[in-house]
Number of protein chains: 2
Amino acid sequence: MRKVGKNSVAFDNVFLWSYANSASIKEHNGPLGAYIDYCFPNLYCDGKTWEDAEMNLLRKAWEISLTKGNLKVDDIGIAIGGDLNNQIAVTSYLMQEYDVPFMGVYGACSTATLSLINGSMMVDGGYDGYVACLTSSHNSTSERQFRYPTEYGIKRTPSVTSTVTGAGVGILSNRQTKIKITKATLGKVINSTLKDASDMGRAMAPAAASTLKQHFDDFGIDENDYDLIVTGDLSNYGSKVFLDILKELSINLGNKYKDSGLMIYDIKKQDVVAGGSGCACISVVMYGYLSYLLKTKKLKKILVIATGALLNPVMTFQGKEIPGIAHAVALEVWDE
Amino acid sequence: MRKVGKNSVAFDNVFLWSYANSASIKEHNGPLGAYIDYCFPNLYCDGKTWEDAEMNLLRKAWEISLTKGNLKVDDIGIAIGGDLNNQIAVTSYLMQEYDVPFMGVYGACSTATLSLINGSMMVDGGYDGYVACLTSSHNSTSERQFRYPTEYGIKRTPSVTSTVTGAGVGILSNRQTKIKITKATLGKVINSTLKDASDMGRAMAPAAASTLKQHFDDFGIDENDYDLIVTGDLSNYGSKVFLDILKELSINLGNKYKDSGLMIYDIKKQDVVAGGSGCACISVVMYGYLSYLLKTKKLKKILVIATGALLNPVMTFQGKEIPGIAHAVALEVWDE
């Protein structure tokens with residue numbers, strides 16, 4: 001591992017050993033439904049509470065990732081992960097069931113890349129074991145906690161996004177596979193100047209732009225270095241602001257840019273307002289469709305920028321603005 | 001960095017470059033008051049809200065740690081940290097003020113060692129930069145969130161602990177200092193079988209015992225390898241259960257064991273019921289008194305086991321038991 005520029009690191013020897021995702025019915029019916037390993041037929045996901053439902057989603061992704069990687073639970077050296085529930089409770093409670101050291105992380109919806117970068121730093125730094133990176137979110141646990149319980153039937157504003165019900169797990173190793181983790185840029189916390197919990201896409205856009213600019217600067221590269229650049233969950237409103245900010249910075253991503261919030265759902269046909277959001281949004285897309293693109297060599301280099309709104313409802317009520325953060329990680333085809 | 005045994009790592013080249021702590025009046029009046037860098041005269045800590053108060057505590061510890069280390073903000077490569085507030089909001093909001101990459105972690109009151117181990121893995125893994133590890137807690141933000149707002153004046157049960165109002169920051173480097181980070185054992189999540197949020201000491205005791213046993217097993221050592229073994233915030237009730245469990249495992253720590261919840265306050269004279277708790281409990285003790293003991297060579301090897309109750313009030317209401325976790329890190333005098 002080498003520190004590069006101000007906020008970045010380059011990796012020499014860390015690979016995506018195995019990966020899996022799970023989701024519910026709306027994601028199954030979306031454009032990327034074919035790239036989801038397991039779909040529950042409804043939001044309950046075989047649970048009695050929304051928290052149980054989210055734990056079941058995460059357990060599925062975790063178990064499938066082990067199976068796909070031909071690993072037993074005992075083979076995992078460290079599990080790193082988190083979710084949106086207060087105190088990352090879903091991940092913590094799930095990890096009770098397994099005899100695996102657990103490191104909790106929280107980056108709101110940026111947790112998928114936060115955990116992946118953290119794990120990559122360990123494996124590339126010489127930790128000789130498998131490191132699993134876990135993330136989940138559930139529409140009903142999230143909406144209740146950050147906005148209103150879905151049962152209220154609150155009228156949604158046009159900028160509001162729909163939390164993805166799903167989970168994703170990636171397992172890292174220093175043993176070579178077809179997908180290599182090559183670069184990462186850690187985000188700093190950026191004040192969005194916005195206070196509306198129903199407009200998180202726009203609240204996270206400045207952080208995403210800041211991290212992308214830093215990534216280009218630190219490595220001395222530009223958009224031509226990637227086949228695809230994917231943000232986490234800026235969705236309809238946020239991704240426009242993201243591109244506007246980049247324009248001011250003289251960065252033009254052209255047709256290389258996509259946002260997973262607009263990939264996972266068809267916002268014209270599905271009832272998701274501005275698009276998808278939540279930890280699982282980028283996680284389900286990255287450990288499904290994006291990994292498929294790389295594994296089949298349809299694309300060779302993808303930069304994933306997961307975005308998080310570091311919102312606390314109490315502090316929002318106190319009049320504080322919503323901070324955003326974004327962590328970027330580059331995944332490349334490894335062709336030895 | 002080398003993986004050792006099942007859950008541990010050994011470090012070759014990571015040092016505590018600088019450290020600082022801050023607290024409020026009750027901690028100042030406690031037995032370790034002389035080892036606190038900055039004390040606010042009351043719980044408001046110059047803030048208008050409890051959240052602002054906690055941010056001010058963390059800012060003080062952060063700024064003093066930079067000054068003591070002769071560092072500027074720009075010198076910090078990565079900040080790793082978290083606190084007890086939902087979505088680790090105090091740390092995230094504070095980090096908005098600085099141009100430093102931020103990685104959020106959450107391990108409840110085990111966050112002090114979680115961040116220190118995480119940072120040590122990076123530095124020892126080849127990350128050539130300073131890594132700052134931040135933690136804070138505030139009595140009033142915590143009591144309101146996990147139990148009741150302090151203004152209610154709820155009658156406290158004998159097992160309840162008092163959240164420490166304070167913060168601690170440690171800055172890691174591969175440049176040699178007098179205190180070296182040598183070993184770490186990551187904890188797994190342990191179901192406490194307890195459901196009472198007013199009895200977190202006992203809920204965390206099994207996790208602390210599990211991590212200590214694993215640490216001894218992984219490295220093939222015992223209590224004779226340390227001058228002092230300090231747990232995070234088991235306090236009066238929890239530390240007794242901890243010692244009981246160890247007895248069953250044929251481990252006898254003798255007079256080498258202390259709990260920071262019983263070190264930071266005088267439970268006979270101060271109104272703290274069962275003792276201190278919170279992220280800042282072990283953090284203030286570790287980045288104050290314990291570091292002093294090492295720096296002045298009064299002790300040479302200390303094992304710090306920070307303990308966390310991975311509690312979520314919603315899931316406790318749903319009837320779920322409280323999971324515990326504990327992460328252990330060894331600090332040693334480095335005498336070149």
# chains A, B, ... in the order shown; residues from 1 in each chain; ligands from 1
call {"tool": "select_by_dssp", "arguments": {"residues": "range 158-322 of chain B", "states": "strand (DSSP E)", "output": "VMD selection string"}}
result
chain B and resid 162 to 163 166 to 173 179 to 185 190 to 191 228 to 231 257 to 259 276 to 277 301 to 309
call {"tool": "interface_residues", "arguments": {"of": "chain A", "to": "chain B", "cutoff": "8 Å", "atoms": "only C-alpha atoms", "output": "number ranges by chain"}}
result
A: 1-3, 6-7, 9, 51, 77-78, 84, 86-89, 92-93, 95-96, 99-108, 114, 121-122, 124-129, 186-191, 310-312, 315, 323
call {"tool": "closest_residue", "arguments": {"among": "B:Gly288, B:Gly232, B:Gly308, B:Gly254", "to": "His28 in chain B", "atoms": "only C-alpha atoms"}}
result
B:Gly288
call {"tool": "atom_distance", "arguments": {"atom1": "CA of Ile305 in chain A", "atom2": "CA of Ala184 in chain A"}}
result
9.5 Å
call {"tool": "residues_around", "arguments": {"residues": "Trp50 in chain A", "least_positions_apart": "4", "cutoff": "8 Å", "atoms": "only C-alpha atoms", "output": "list in words"}}
result
Leu43, Tyr44, Glu54, His138, Ser140 and Thr141 of chain A
call {"tool": "write_last_selection", "arguments": {"atoms": "N, CA, C and O atoms", "output": "short mmCIF file (atom, residue, chain, number, x, y, z; two decimals), in the first residue's frame"}}
result
data_model
loop_
_atom_site.label_atom_id
_atom_site.label_comp_id
_atom_site.auth_asym_id
_atom_site.auth_seq_id
_atom_site.Cartn_x
_atom_site.Cartn_y
_atom_site.Cartn_z
N LEU A 43 -41.21 -7.06 1.35
CA LEU A 43 -40.35 -6.28 2.25
C LEU A 43 -40.09 -6.96 3.59
O LEU A 43 -39.15 -6.61 4.29
N TYR A 44 -40.93 -7.92 3.97
CA TYR A 44 -40.73 -8.60 5.26
C TYR A 44 -39.49 -9.50 5.25
O TYR A 44 -38.88 -9.72 6.30
N GLU A 54 -34.03 -6.83 7.60
CA GLU A 54 -32.73 -6.37 7.10
C GLU A 54 -31.62 -7.35 7.48
O GLU A 54 -30.70 -7.60 6.69
N HIS A 138 -32.60 -1.16 4.48
CA HIS A 138 -33.98 -1.62 4.28
C HIS A 138 -34.86 -0.38 4.21
O HIS A 138 -34.74 0.52 5.05
N SER A 140 -37.87 0.25 5.01
CA SER A 140 -38.72 0.60 6.15
C SER A 140 -37.95 0.94 7.42
O SER A 140 -38.39 1.78 8.20
N THR A 141 -36.78 0.32 7.64
CA THR A 141 -36.00 0.73 8.81
C THR A 141 -35.47 2.16 8.60
O THR A 141 -35.47 2.97 9.51
#
